[in-house]
$ cat structure_29.tsv   # TSV, C-alpha atoms
chain	number	residue	atom	x	y	z
A	1	MET	CA	0.44	-10.93	-4.62
A	2	ILE	CA	-2.81	-9.45	-3.32
A	3	LEU	CA	-5.61	-9.58	-5.90
A	4	ARG	CA	-7.43	-6.27	-6.35
A	5	THR	CA	-10.38	-5.92	-8.73
A	6	ALA	CA	-13.08	-3.24	-8.71
A	7	ALA	CA	-11.60	-1.54	-5.65
A	8	LEU	CA	-8.24	-1.37	-7.38
A	9	ALA	CA	-9.69	0.17	-10.52
A	10	ALA	CA	-11.41	2.81	-8.42
A	11	MET	CA	-8.11	3.81	-6.81
A	12	ILE	CA	-6.27	4.49	-10.08
A	13	LEU	CA	-5.68	8.20	-10.39
A	14	GLY	CA	-7.85	8.74	-13.47
A	15	GLY	CA	-8.73	12.31	-12.51
A	16	VAL	CA	-5.26	13.61	-11.74
A	17	VAL	CA	-4.07	16.41	-14.02
A	18	ASP	CA	-0.43	15.59	-14.73
A	19	ALA	CA	1.54	15.34	-17.93
A	20	ALA	CA	2.87	11.96	-16.79
A	21	LEU	CA	-0.58	10.35	-16.90
A	22	ALA	CA	-2.04	9.32	-20.23
A	23	ASP	CA	-5.76	8.97	-20.95
A	24	SER	CA	-5.46	5.23	-20.27
A	25	ASP	CA	-4.28	5.96	-16.70
A	26	TYR	CA	-0.89	4.54	-17.59
A	27	LEU	CA	2.18	6.69	-17.10
A	28	ALA	CA	3.10	8.46	-20.34
A	29	PHE	CA	6.75	7.83	-21.21
A	30	SER	CA	8.87	9.89	-23.59
A	31	SER	CA	12.28	9.72	-25.23
A	32	GLU	CA	12.27	13.39	-26.11
A	33	PRO	CA	15.31	15.37	-24.88
A	34	SER	CA	14.75	16.63	-21.33
A	35	ALA	CA	16.53	17.16	-18.03
A	36	ALA	CA	14.90	13.94	-16.74
A	37	LEU	CA	16.22	11.99	-19.73
A	38	ASP	CA	19.72	13.34	-19.05
A	39	VAL	CA	19.47	12.30	-15.38
A	40	ALA	CA	18.29	8.81	-16.32
A	41	ARG	CA	20.96	8.33	-18.99
A	42	GLY	CA	23.65	9.45	-16.54
A	43	PHE	CA	22.33	7.00	-13.94
A	44	PHE	CA	22.27	4.12	-16.44
A	45	GLU	CA	25.79	4.91	-17.64
A	46	ALA	CA	27.11	5.02	-14.06
A	47	THR	CA	25.35	1.74	-13.27
A	48	SER	CA	26.51	-0.13	-16.38
A	49	GLY	CA	29.93	1.48	-16.72
A	50	ALA	CA	29.30	1.97	-20.43
A	51	PRO	CA	27.92	4.73	-22.68
A	52	ILE	CA	24.15	4.66	-23.19
A	53	ASP	CA	22.54	5.98	-26.36
A	54	PRO	CA	19.87	8.57	-25.35
A	55	ALA	CA	17.63	7.07	-28.03
A	56	VAL	CA	17.19	3.87	-25.97
A	57	VAL	CA	16.21	5.73	-22.79
A	58	THR	CA	12.56	6.51	-22.03
A	59	VAL	CA	11.25	8.33	-18.96
A	60	ALA	CA	8.12	9.42	-17.13
A	61	GLN	CA	7.96	11.83	-14.19
A	62	LEU	CA	5.60	11.99	-11.23
A	63	ASP	CA	5.89	13.24	-7.65
A	64	LEU	CA	5.34	9.95	-5.82
A	65	ASP	CA	6.11	11.11	-2.29
A	66	GLY	CA	4.56	14.60	-2.38
A	67	ASP	CA	7.79	16.45	-1.63
A	68	GLY	CA	7.51	18.72	-4.67
A	69	THR	CA	10.24	16.96	-6.68
A	70	ARG	CA	9.10	14.51	-9.33
A	71	GLU	CA	10.57	11.03	-9.32
A	72	ILE	CA	11.83	9.67	-12.65
A	73	ILE	CA	10.61	6.26	-13.82
A	74	ALA	CA	13.06	5.20	-16.53
A	75	TYR	CA	13.95	2.36	-18.89
A	76	ALA	CA	17.13	1.79	-20.87
A	77	ASN	CA	16.54	-0.67	-23.70
A	78	ALA	CA	20.14	-1.88	-23.54
A	79	PRO	CA	21.81	-5.25	-22.81
A	80	ALA	CA	22.93	-4.17	-19.33
A	81	PHE	CA	19.29	-3.75	-18.26
A	82	CYS	CA	17.47	-6.28	-20.43
A	83	THR	CA	17.30	-10.07	-20.78
A	84	PRO	CA	15.11	-12.31	-22.96
A	85	ASP	CA	12.51	-11.96	-20.18
A	86	GLY	CA	12.31	-8.19	-20.62
A	87	CYS	CA	13.81	-4.96	-19.34
A	88	ALA	CA	14.08	-3.71	-15.77
A	89	PRO	CA	13.00	-0.12	-15.05
A	90	SER	CA	14.41	2.15	-12.38
A	91	ILE	CA	12.56	4.58	-10.14
A	92	LEU	CA	14.91	7.46	-9.46
A	93	HIS	CA	14.39	9.51	-6.30
A	94	ARG	CA	16.39	12.64	-5.61
A	95	GLU	CA	18.36	12.56	-2.37
A	96	GLY	CA	20.29	15.81	-2.01
A	97	THR	CA	22.20	16.22	-5.25
A	98	ASP	CA	22.14	12.51	-6.09
A	99	TRP	CA	19.51	10.27	-7.67
A	100	GLN	CA	18.95	6.84	-6.12
A	101	ASP	CA	17.04	3.89	-7.57
A	102	ILE	CA	14.25	3.10	-5.09
A	103	LEU	CA	12.95	0.04	-6.96
A	104	ALA	CA	14.25	-3.16	-5.36
A	105	LYS	CA	16.45	-5.17	-7.71
A	106	GLY	CA	14.89	-8.06	-9.61
A	107	VAL	CA	11.29	-7.18	-8.73
A	108	VAL	CA	10.11	-5.86	-12.13
A	109	ARG	CA	10.95	-6.83	-15.68
A	110	THR	CA	8.61	-6.05	-18.57
A	111	ARG	CA	8.68	-7.33	-22.15
A	112	ALA	CA	7.27	-4.05	-23.41
A	113	VAL	CA	9.51	-0.99	-23.10
A	114	PRO	CA	8.14	0.96	-21.41
A	115	GLY	CA	5.78	-1.32	-19.52
A	116	ASN	CA	2.23	-0.40	-18.53
A	117	ILE	CA	2.62	1.39	-15.18
A	118	SER	CA	-0.33	2.89	-13.27
A	119	VAL	CA	-0.26	5.04	-10.15
A	120	ILE	CA	-2.62	4.01	-7.34
A	121	ASN	CA	-4.19	6.43	-4.86
A	122	GLU	CA	-2.85	4.62	-1.81
A	123	ARG	CA	0.43	5.23	0.01
A	124	HIS	CA	2.95	3.07	1.79
A	125	GLY	CA	6.16	4.43	3.24
A	126	GLY	CA	5.02	7.89	2.16
A	127	PHE	CA	5.02	6.95	-1.55
A	128	LEU	CA	2.09	6.27	-3.88
A	129	ASP	CA	1.56	2.62	-4.78
A	130	LEU	CA	2.27	1.45	-8.33
A	131	LEU	CA	0.78	-1.20	-10.58
A	132	VAL	CA	3.11	-2.66	-13.23
A	133	GLY	CA	1.00	-4.98	-15.35
A	134	SER	CA	-0.54	-7.16	-12.63
A	135	LEU	CA	2.32	-6.59	-10.15
A	136	TYR	CA	1.35	-4.38	-7.21
A	137	LEU	CA	4.26	-2.41	-5.76
A	138	ILE	CA	4.42	-0.61	-2.42
A	139	HIS	CA	7.23	1.36	-0.80
A	140	ASP	CA	8.36	-0.34	2.41
A	141	GLY	CA	10.21	2.69	3.74
A	142	THR	CA	13.37	1.81	1.83
A	143	ALA	CA	12.36	0.72	-1.67
A	144	TYR	CA	9.45	-0.33	-3.87
A	145	ARG	CA	8.75	-4.05	-3.53
A	146	GLU	CA	5.94	-6.43	-4.46
A	147	ASP	CA	3.00	-6.23	-2.08
A	148	THR	CA	2.64	-9.76	-0.75
A	149	GLY	CA	0.20	-8.74	1.98
A	150	PRO	CA	0.73	-8.27	5.71
A	151	VAL	CA	2.43	-10.87	7.88
A	152	PRO	CA	-0.21	-12.15	10.35
A	153	THR	CA	0.42	-11.56	14.05
A	154	GLN	CA	-0.40	-13.64	17.12
A	155	LEU	CA	-2.04	-11.43	19.77
A	156	ASP	CA	-3.04	-11.93	23.39
A	157	GLU	CA	-6.82	-11.61	23.16
A	158	THR	CA	-7.69	-11.98	26.86
A	159	ALA	CA	-8.12	-8.31	27.81
A	160	PHE	CA	-9.80	-7.46	24.54
A	161	LEU	CA	-12.38	-10.26	24.75
A	162	SER	CA	-13.29	-9.18	28.29
A	163	SER	CA	-13.90	-5.58	27.20
A	164	CYS	CA	-15.60	-6.59	23.97
A	165	SER	CA	-18.03	-9.07	25.54
A	166	ALA	CA	-19.04	-6.52	28.20
A	167	SER	CA	-19.52	-3.66	25.72
A	168	THR	CA	-23.11	-2.45	25.25
A	169	ASP	CA	-21.94	-0.86	22.01
A	170	ILE	CA	-20.85	-4.24	20.63
A	171	ALA	CA	-24.02	-5.93	21.91
A	172	GLY	CA	-26.11	-3.34	20.08
A	173	GLU	CA	-24.15	-3.85	16.90
A	174	VAL	CA	-24.62	-7.61	17.17
A	175	ARG	CA	-28.38	-7.18	17.58
A	176	GLU	CA	-28.48	-5.06	14.44
A	177	ALA	CA	-26.67	-7.81	12.55
A	178	GLY	CA	-29.75	-10.00	12.96
A	179	PRO	CA	-29.37	-12.58	15.72
A	180	ARG	CA	-32.48	-13.28	17.80
A	181	GLY	CA	-32.80	-14.12	21.47
A	182	ASP	CA	-29.70	-14.41	23.66
A	183	VAL	CA	-26.81	-12.37	22.18
A	184	ALA	CA	-24.05	-13.87	24.36
A	185	GLU	CA	-22.91	-16.42	21.80
A	186	PRO	CA	-23.09	-14.05	18.78
A	187	VAL	CA	-21.21	-11.39	20.77
A	188	GLU	CA	-18.44	-13.89	21.49
A	189	THR	CA	-18.34	-14.83	17.80
A	190	PHE	CA	-18.24	-11.15	16.80
A	191	CYS	CA	-15.42	-10.38	19.26
A	192	LEU	CA	-13.37	-13.36	18.11
A	193	CYS	CA	-13.88	-12.19	14.54
A	194	LEU	CA	-12.50	-8.77	15.48
A	195	VAL	CA	-9.40	-10.35	17.01
A	196	ASP	CA	-8.91	-12.34	13.80
A	197	GLN	CA	-9.21	-9.13	11.76
A	198	PHE	CA	-6.41	-7.51	13.79
A	199	GLN	CA	-4.20	-10.58	13.46
A	200	THR	CA	-4.82	-11.06	9.75
A	201	ALA	CA	-4.03	-7.39	9.11
A	202	GLY	CA	-0.68	-7.88	10.87
A	203	LEU	CA	-1.41	-5.23	13.51
A	204	PRO	CA	0.56	-5.22	16.78
A	205	GLN	CA	-0.71	-5.83	20.34
A	206	ARG	CA	-0.98	-2.13	21.17
A	207	ASP	CA	-3.66	-1.65	18.50
A	208	LEU	CA	-5.84	-4.42	19.94
A	209	ASP	CA	-5.23	-3.12	23.47
A	210	GLY	CA	-6.20	0.38	22.35
A	211	PHE	CA	-9.49	-0.94	20.99
A	212	ALA	CA	-10.08	-2.80	24.28
A	213	ALA	CA	-9.53	0.43	26.25
A	214	LEU	CA	-11.86	2.26	23.88
A	215	LEU	CA	-14.65	-0.30	24.37
A	216	ALA	CA	-14.16	-0.22	28.14
A	217	GLY	CA	-14.43	3.57	28.20
A	218	ARG	CA	-10.89	4.05	29.50
A	219	THR	CA	-9.87	6.23	26.55
A	220	ASP	CA	-11.33	8.05	23.58
A	221	MET	CA	-10.81	7.52	19.85
A	222	ALA	CA	-8.30	10.35	19.44
A	223	GLU	CA	-6.05	9.02	22.21
A	224	ALA	CA	-6.41	5.38	21.11
A	225	ALA	CA	-5.50	6.35	17.56
A	226	LYS	CA	-2.51	8.38	18.72
A	227	GLN	CA	-1.17	5.39	20.67
A	228	SER	CA	-1.75	2.95	17.79
A	229	SER	CA	0.69	1.86	15.09
A	230	ILE	CA	-1.51	3.51	12.43
A	231	PRO	CA	-2.70	6.82	13.95
A	232	GLY	CA	-4.01	8.14	10.64
A	233	GLU	CA	-5.92	4.96	9.80
A	234	PHE	CA	-6.91	3.54	13.19
A	235	GLU	CA	-10.53	4.73	13.27
A	236	GLU	CA	-11.09	3.70	9.65
A	237	LYS	CA	-9.62	0.25	10.30
A	238	LEU	CA	-11.89	-0.29	13.30
A	239	GLY	CA	-14.88	0.63	11.15
A	240	ASP	CA	-13.79	-1.77	8.41
A	241	PHE	CA	-13.24	-4.60	10.90
A	242	ARG	CA	-16.61	-4.08	12.57
A	243	PHE	CA	-18.36	-3.92	9.21
A	244	SER	CA	-16.68	-7.13	8.02
A	245	CYS	CA	-17.54	-9.00	11.20
A	246	GLY	CA	-21.13	-7.74	11.05
A	247	ILE	CA	-21.47	-9.09	7.52
A	248	GLU	CA	-19.93	-12.41	8.59
A	249	LEU	CA	-22.25	-12.66	11.58
A	250	SER	CA	-25.39	-11.84	9.59
A	251	SER	CA	-24.52	-14.47	6.97
A	252	ASP	CA	-24.14	-17.28	9.54

$ encode --input "structure_29.tsv" --output "structure tokens"
Amino acid sequence: MILRTAALAAMILGGVVDAALADSDYLAFSSEPSAALDVARGFFEATSGAPIDPAVVTVAQLDLDGDGTREIIAYANAPAFCTPDGCAPSILHREGTDWQDILAKGVVRTRAVPGNISVINERHGGFLDLLVGSLYLIHDGTAYREDTGPVPTQLDETAFLSSCSASTDIAGEVREAGPRGDVAEPVETFCLCLVDQFQTAGLPQRDLDGFAALLAGRTDMAEAAKQSSIPGEFEEKLGDFRFSCGIELSSD
């Protein structure tokens, strides 16, 4: 799991006004009678094939995907959903007239019922990220799963290194990072660092090629972003990569 410290704390939605968020930033669960409790109990009964006492069901509600309908995060403190290791929650998402559990099976089990669940101001698959204890969950487009970090890619760096090493913009950035005299070697180091950033982040070839075209003046940022795998984040990612490589270069 990816470790997140101060940056993680800053992303927790402490300022959001929503009945589901307690002062501690944890989701506020309730066993009071409600439509959400009825939905959750019905789901648990259908899943287990047995009656579920409403008293053992606890729910919280929050719109995780921004579609205007609040998802239901629910526990049933019952043998069908609990083991000596704890109880498994469900995250119920409305699809038409049905409610589907969008938490992958076996990912979460908490000893406390309900567990401490925080909502994080980052999105994957269109859904807000969640923190359950120290377990970071992201939506992969199908279900919530543990965030184990991106799978590194292997990219063809030839075209990029040519554009990067010839870029006056990159040369200027390298000079600002502190090297003295000939900048050829630090520029090469900086460009290789950028390639490594793309690969470590798991980005595809078209993102690196888009950056190469941008540095060579063959396209602009808007077009490069549009052609990338992350159009809404492309410019920000480039800034983060350049900043990281500048720090690395200045510390050498």

$ closest_residue --input "structure_29.tsv" --among "A:Pro152, A:Pro231, A:Gly49, A:Pro186" --to "Ala201 of chain A" --atoms "all atoms listed in the file"
A:Pro152

$ residues_around --input "structure_29.tsv" --residues "Arg242 of chain A" --least-positions-apart "3" --cutoff "10 Å" --atoms "all atoms listed in the file" --output "PyMOL selection string"
chain A and resi 170+173-174+190-191+193-194+197+236-239+245-248

$ closest_residue --input "structure_29.tsv" --among "A:Tyr26, A:Phe44, A:Phe198, A:Phe243" --to "Asn77 of chain A" --atoms "all atoms listed in the file"
A:Phe44

$ closest_residue --input "structure_29.tsv" --among "A:Arg206, A:Arg175, A:Arg111, A:Lys226" --to "Glu157 of chain A" --atoms "all atoms listed in the file"
A:Arg206

$ atom_distance --input "structure_29.tsv" --atom1 "atom CA of Asp169 of chain A" --atom2 "atom CA of Pro150 of chain A"
28.9 Å

$ atom_distance --input "structure_29.tsv" --atom1 "atom CA of Phe81 of chain A" --atom2 "atom CA of Val59 of chain A"
14.5 Å

$ residues_around --input "structure_29.tsv" --residues "segment 103-110 of chain A" --least-positions-apart "4" --cutoff "8 Å" --atoms "only C-alpha atoms" --output "ChimeraX atom specification"
/A:85-91,114-115,132,143-146

$ atom_distance --input "structure_29.tsv" --atom1 "atom CA of Glu235 of chain A" --atom2 "atom CA of Asp207 of chain A"
10.7 Å

$ residues_near_point --input "structure_29.tsv" --point "(-11.6, -12.9, 24.9)" --cutoff "10 Å" --atoms "all atoms listed in the file" --output "ChimeraX atom specification"
/A:156-165,188-189,191-192,195

$ residues_around --input "structure_29.tsv" --residues "Met221 of chain A" --least-positions-apart "5" --cutoff "10 Å" --atoms "all atoms listed in the file" --output "count of residues only"
9

$ residues_around --input "structure_29.tsv" --residues "Thr47 of chain A" --least-positions-apart "2" --cutoff "12 Å" --atoms "only C-alpha atoms" --output "ChimeraX atom specification"
/A:40-45,49-52,76,80-81,90,99-101
